[in-house]
$ cat final_15.txt   # compact mmCIF, C-alpha atoms
# COMPACT_ATOMS: atom_id res chain seq x y z
CA MET A 1016 22.32 135.17 106.30
CA PRO A 1017 18.98 136.98 106.60
CA GLU A 1018 16.05 134.63 107.06
CA LEU A 1019 13.23 134.08 104.63
CA ASP A 1020 10.79 136.55 106.17
CA ARG A 1021 8.12 137.10 103.53
CA VAL A 1022 6.33 133.77 103.59
CA PRO A 1023 4.29 132.10 106.35
CA TRP A 1024 6.42 129.80 108.51
CA PRO A 1025 6.36 126.98 109.37
CA PRO A 1026 4.47 125.48 106.46
CA ALA A 1027 2.69 122.15 106.54
CA PRO A 1028 5.02 119.25 105.73
CA ILE A 1029 5.59 118.75 102.00
CA THR A 1030 5.23 115.19 100.75
CA THR A 1031 6.74 113.93 97.49
CA SER A 1032 6.66 110.42 96.05
CA ARG A 1033 9.52 109.33 98.36
CA LEU A 1034 10.25 112.15 100.79
CA VAL A 1035 8.81 114.34 103.51
CA LEU A 1036 10.07 117.92 103.87
CA ARG A 1037 9.42 119.42 107.31
CA VAL A 1038 10.81 121.65 110.04
CA SER A 1039 13.68 120.38 112.17
CA GLU A 1040 13.08 118.32 115.31
CA ALA A 1041 15.24 117.19 118.21
CA ARG A 1042 15.53 113.69 116.68
CA ASP A 1043 17.48 115.22 113.76
CA ARG A 1044 20.44 116.36 115.87
CA ALA A 1045 22.70 113.35 115.18
CA ALA A 1046 22.11 113.69 111.42
CA PHE A 1047 23.03 117.40 111.54
CA VAL A 1048 26.29 116.50 113.27
CA ASP A 1049 27.00 113.81 110.65
CA LEU A 1050 26.24 116.28 107.87
CA PHE A 1051 28.67 118.97 108.99
CA ALA A 1052 31.35 116.46 110.04
CA SER A 1053 31.36 114.67 106.68
CA PRO A 1054 34.53 115.16 104.57
CA GLU A 1055 32.53 114.48 101.40
CA VAL A 1056 29.88 117.07 102.24
CA GLY A 1057 32.50 119.61 103.29
CA LEU A 1058 34.64 119.23 100.19
CA HIS A 1059 33.42 122.49 98.64
CA LEU A 1060 32.72 124.29 101.90
CA GLY A 1061 36.15 124.58 103.44
CA GLY A 1062 36.29 121.03 104.79
CA PRO A 1063 34.42 119.24 107.58
CA ARG A 1064 34.07 120.59 111.10
CA PRO A 1065 35.50 118.50 113.98
CA ARG A 1066 32.85 116.16 115.36
CA GLU A 1067 33.81 117.01 118.95
CA GLU A 1068 33.21 120.70 118.25
CA LEU A 1069 29.87 119.96 116.64
CA GLU A 1070 28.73 117.80 119.54
CA ARG A 1071 29.27 120.78 121.82
CA ALA A 1072 27.90 123.46 119.50
CA VAL A 1073 24.84 121.96 117.78
CA PRO A 1074 21.70 122.86 119.75
CA GLU A 1075 19.15 120.36 120.98
CA VAL A 1076 16.87 121.28 118.07
CA PRO A 1077 19.22 122.30 115.23
CA GLY A 1078 18.22 124.21 112.13
CA ARG A 1079 14.98 125.58 113.58
CA ARG A 1080 14.72 128.73 111.48
CA PRO A 1081 12.50 130.03 108.66
CA GLY A 1082 13.46 128.66 105.27
CA LEU A 1083 15.13 125.43 106.42
CA PHE A 1084 13.49 122.15 105.48
CA VAL A 1085 14.68 118.82 106.83
CA VAL A 1086 14.45 116.13 104.13
CA GLU A 1087 13.19 112.84 105.58
CA LEU A 1088 13.32 109.41 103.97
CA GLY A 1089 11.75 106.44 105.71
CA GLY A 1090 11.44 108.34 108.97
CA ALA A 1091 15.08 109.54 109.09
CA MET A 1092 16.73 112.79 108.05
CA ILE A 1093 18.95 112.52 104.96
CA GLY A 1094 19.62 116.20 104.30
CA THR A 1095 18.38 119.77 104.24
CA VAL A 1096 17.06 122.24 101.69
CA THR A 1097 17.11 125.95 102.49
CA LEU A 1098 15.75 129.19 101.10
CA GLU A 1099 17.44 132.24 102.62
CA ARG A 1100 18.03 135.87 101.69
CA ARG A 1101 21.31 136.44 99.88
CA SER A 1102 23.18 139.20 101.70
CA ALA A 1103 23.00 142.47 99.79
CA ASP A 1104 26.77 143.03 100.09
CA ARG A 1105 27.62 139.78 98.31
CA THR A 1106 28.14 139.61 94.57
CA GLY A 1107 24.87 138.87 92.80
CA GLY A 1108 22.74 141.71 94.05
CA ASP A 1109 24.28 144.01 91.46
CA LEU A 1110 23.50 141.48 88.73
CA LEU A 1111 19.85 141.05 89.71
CA PRO A 1112 18.97 144.27 91.56
CA GLY A 1113 16.02 144.27 93.92
CA ASP A 1114 15.09 144.24 97.57
CA GLY A 1115 16.57 140.82 98.39
CA LEU A 1116 17.06 137.56 96.56
CA ALA A 1117 15.89 134.20 97.83
CA GLU A 1118 18.81 131.76 97.55
CA LEU A 1119 18.41 127.98 97.35
CA GLY A 1120 20.84 125.73 99.20
CA TYR A 1121 21.01 121.98 99.80
CA MET A 1122 23.08 119.48 101.77
CA PHE A 1123 22.64 115.70 101.78
CA LEU A 1124 24.38 112.89 103.62
CA PRO A 1125 26.67 110.87 101.32
CA ARG A 1126 24.60 107.70 101.85
CA ALA A 1127 21.70 109.49 100.13
CA TRP A 1128 23.67 110.55 97.05
CA GLY A 1129 22.98 109.20 93.60
CA ALA A 1130 19.27 108.41 93.97
CA GLY A 1131 17.79 111.73 92.84
CA TYR A 1132 16.64 112.79 96.31
CA ALA A 1133 18.16 116.29 96.04
CA ALA A 1134 16.39 117.00 92.76
CA GLU A 1135 13.10 115.70 94.14
CA ALA A 1136 13.36 117.72 97.35
CA CYS A 1137 14.57 120.95 95.75
CA ALA A 1138 11.88 120.85 93.07
CA ALA A 1139 9.24 120.47 95.78
CA VAL A 1140 10.63 123.44 97.74
CA LEU A 1141 10.76 125.61 94.61
CA ASP A 1142 7.14 124.73 93.81
CA TRP A 1143 6.13 125.57 97.39
CA PHE A 1144 7.95 128.91 97.22
CA ALA A 1145 6.40 129.81 93.88
CA ASP A 1146 2.95 129.36 95.46
CA ALA A 1147 3.87 131.09 98.74
CA SER A 1148 5.59 134.09 97.10
CA PRO A 1149 4.41 134.38 93.48
CA GLY A 1150 6.79 136.06 91.09
CA GLU A 1151 9.72 136.25 93.51
CA ARG A 1152 13.10 135.37 92.06
CA VAL A 1153 15.24 132.51 93.33
CA VAL A 1154 19.00 132.32 92.81
CA LEU A 1155 21.66 129.68 93.39
CA CYS A 1156 25.41 130.06 93.73
CA THR A 1157 27.81 127.13 93.64
CA GLN A 1158 31.45 126.48 92.84
CA VAL A 1159 32.14 125.71 89.21
CA ALA A 1160 34.33 122.86 90.46
CA ASN A 1161 31.33 121.28 92.18
CA THR A 1162 30.12 119.47 89.08
CA ARG A 1163 27.39 117.55 90.91
CA SER A 1164 25.86 120.77 92.17
CA LEU A 1165 26.15 122.47 88.81
CA ARG A 1166 24.42 119.57 87.11
CA LEU A 1167 21.61 119.67 89.65
CA ALA A 1168 21.17 123.45 89.31
CA ARG A 1169 20.67 123.11 85.57
CA LYS A 1170 18.35 120.15 86.03
CA LEU A 1171 16.19 122.24 88.35
CA GLY A 1172 15.90 124.96 85.71
CA PHE A 1173 18.45 127.52 86.92
CA THR A 1174 19.97 129.58 84.12
CA GLU A 1175 23.45 131.07 84.35
CA VAL A 1176 23.60 134.80 85.04
CA ALA A 1177 27.32 135.21 85.73
CA ARG A 1178 30.51 133.65 87.02
CA PHE A 1179 32.75 135.40 89.51
CA GLU A 1180 35.46 134.69 92.03
CA GLU A 1181 34.55 134.48 95.72
CA PHE A 1182 36.14 132.67 98.67
CA GLY A 1183 39.11 131.89 96.44
CA ALA A 1184 37.14 129.87 93.88
CA GLU A 1185 35.18 130.47 90.68
CA GLN A 1186 31.45 130.59 91.40
CA TRP A 1187 28.48 129.89 89.15
CA PHE A 1188 25.50 132.18 89.78
CA GLY A 1189 22.12 131.21 88.35
CA ARG A 1190 18.51 132.35 88.38
CA TRP A 1191 15.40 130.18 88.52
CA GLY A 1192 12.39 131.29 86.52
CA PRO A 1193 10.85 131.39 83.04
CA VAL A 1194 12.87 134.42 81.90
CA ALA A 1195 16.60 134.67 82.46
CA PRO A 1196 18.81 137.77 82.02
CA PRO A 1197 21.70 137.66 79.56
CA VAL A 1198 24.89 136.05 80.78
CA ARG A 1199 27.73 138.40 81.66
CA ARG A 1200 30.95 138.09 83.60
CA ALA A 1201 31.70 139.75 86.90
CA ARG A 1202 34.66 139.77 89.19
CA ALA A 1203 34.48 140.15 92.95
CA PRO A 1204 37.38 140.78 95.33
CA LEU A 1205 38.57 137.75 97.18
CA ALA A 1206 37.08 137.39 100.63
CA ASN A 1207 38.34 135.58 103.65
CA GLY A 1208 35.78 132.89 104.15
CA PRO A 1209 35.11 129.19 103.81
CA GLU A 1210 35.65 127.57 100.49
CA GLY A 1211 32.19 127.02 99.12
CA ALA A 1212 29.13 128.73 97.74
CA GLY A 1213 25.75 129.78 98.97
CA PRO A 1214 24.25 129.31 102.40
CA LEU A 1215 24.82 125.55 102.33
CA LEU A 1216 26.94 123.14 100.42
CA HIS A 1217 25.38 122.30 97.07
CA ASN A 1218 25.62 118.69 95.96
CA ASP A 1219 23.74 116.63 93.41
CA HIS A 1220 22.81 113.54 95.38
$ encode --input "final_15.txt" --output "structure tokens"
Amino acid sequence: MPELDRVPWPPAPITTSRLVLRVSEARDRAAFVDLFASPEVGLHLGGPRPREELERAVPEVPGRRPGLFVVELGGAMIGTVTLERRSADRTGGDLLPGDGLAELGYMFLPRAWGAGYAAEACAAVLDWFADASPGERVVLCTQVANTRSLRLARKLGFTEVARFEEFGAEQWFGRWGPVAPPVRRARAPLANGPEGAGPLLHNDH
């Protein structure tokens, strides 16, 4: 996934009423392993990865790349929010043509679900991006079966552009912004890939 390369990085930490959004640090490594090893988090992303594999593969400072925010609550990481370029060869570019779409993704540890942290963190990142790159479109793609994610996408203000099949599942593709294009249907050939949508698992937590 191409990185978010049109905004200054890293930004200053973003503070909300309950959270801090910042770049990744070495102290976040255990939480990254927990995140990708979680069966609940991996439900719509092809399942969890083996913890032993993750312990070997996750670098000392994981997630240190433009567009990835660690979400911190009370001094500890509870999840991530990302903005990355949606690959031009994936379905979506033909629906919203341009020179690259910024795609929102989010993953949160199950213990942080149900308290509105994802909505709070994602809204803060969207506000930051709107200031850092005025007028640039943001999209989100999630499985229709992932009802938590779909509910969160609509809560954040994403409007449906299309639904299509990818990775063997029906996907919901939405655009964030004041003006949304008309909804139309699209079909994409099945691809061999993980079950899921977007750069990261989307969950309403």
$ residues_around --input "final_15.txt" --residues "Arg1021 of chain A" --least-positions-apart "6" --cutoff "10 Å" --atoms "only C-alpha atoms" --output "ChimeraX atom specification"
/A:1081,1147-1148
$ residues_near_point --input "final_15.txt" --point "(30.5, 120.4, 109.4)" --cutoff "6 Å" --atoms "only C-alpha atoms" --output "list in words"
Phe1051, Ala1052, Pro1063 and Arg1064 of chain A
$ residues_near_point --input "final_15.txt" --point "(18.3, 134.3, 86.8)" --cutoff "7 Å" --atoms "all atoms listed in the file" --output "ChimeraX atom specification"
/A:1154,1173-1176,1189-1192,1195-1196
$ residues_around --input "final_15.txt" --residues "Arg1079 of chain A" --least-positions-apart "4" --cutoff "12 Å" --atoms "all atoms listed in the file" --output "PyMOL selection string"
chain A and resi 1018+1024-1025+1037-1041+1043-1044+1047+1073-1075+1083-1085+1095+1097
$ atom_distance --input "final_15.txt" --atom1 "atom CA of Gly1057 of chain A" --atom2 "atom CA of Met1122 of chain A"
9.5 Å
$ residues_around --input "final_15.txt" --residues "Ala1134 of chain A" --least-positions-apart "2" --cutoff "10 Å" --atoms "all atoms listed in the file" --output "PDB file with C-alpha atoms, keeping the file's coordinate frame"
ATOM      1  CA  TYR A1121      21.010 121.980  99.800  1.00  0.00           C
ATOM      2  CA  ALA A1130      19.270 108.410  93.970  1.00  0.00           C
ATOM      3  CA  GLY A1131      17.790 111.730  92.840  1.00  0.00           C
ATOM      4  CA  TYR A1132      16.640 112.790  96.310  1.00  0.00           C
ATOM      5  CA  ALA A1136      13.360 117.720  97.350  1.00  0.00           C
ATOM      6  CA  CYS A1137      14.570 120.950  95.750  1.00  0.00           C
ATOM      7  CA  ALA A1138      11.880 120.850  93.070  1.00  0.00           C
ATOM      8  CA  ALA A1139       9.240 120.470  95.780  1.00  0.00           C
ATOM      9  CA  VAL A1140      10.630 123.440  97.740  1.00  0.00           C
ATOM     10  CA  LEU A1167      21.610 119.670  89.650  1.00  0.00           C
ATOM     11  CA  ALA A1168      21.170 123.450  89.310  1.00  0.00           C
ATOM     12  CA  LYS A1170      18.350 120.150  86.030  1.00  0.00           C
ATOM     13  CA  LEU A1171      16.190 122.240  88.350  1.00  0.00           C
ATOM     14  CA  ASN A1218      25.620 118.690  95.960  1.00  0.00           C
ATOM     15  CA  ASP A1219      23.740 116.630  93.410  1.00  0.00           C
ATOM     16  CA  HIS A1220      22.810 113.540  95.380  1.00  0.00           C
TER      17      HIS A1220
END
$ closest_residue --input "final_15.txt" --among "A:Ala1091, A:Ala1103, A:Ala1027, A:Val1022" --to "Arg1042 of chain A" --atoms "all atoms listed in the file"
A:Ala1091
$ closest_residue --input "final_15.txt" --among "A:Glu1068, A:Arg1169, A:His1059, A:Thr1031" --to "Gln1186 of chain A" --atoms "all atoms listed in the file"
A:His1059
$ closest_residue --input "final_15.txt" --among "A:Gly1094, A:Gly1061, A:Pro1149, A:Pro1077" --to "Ala1184 of chain A" --atoms "all atoms listed in the file"
A:Gly1061
$ atom_distance --input "final_15.txt" --atom1 "atom CA of Arg1100 of chain A" --atom2 "atom CA of Glu1151 of chain A"
11.7 Å
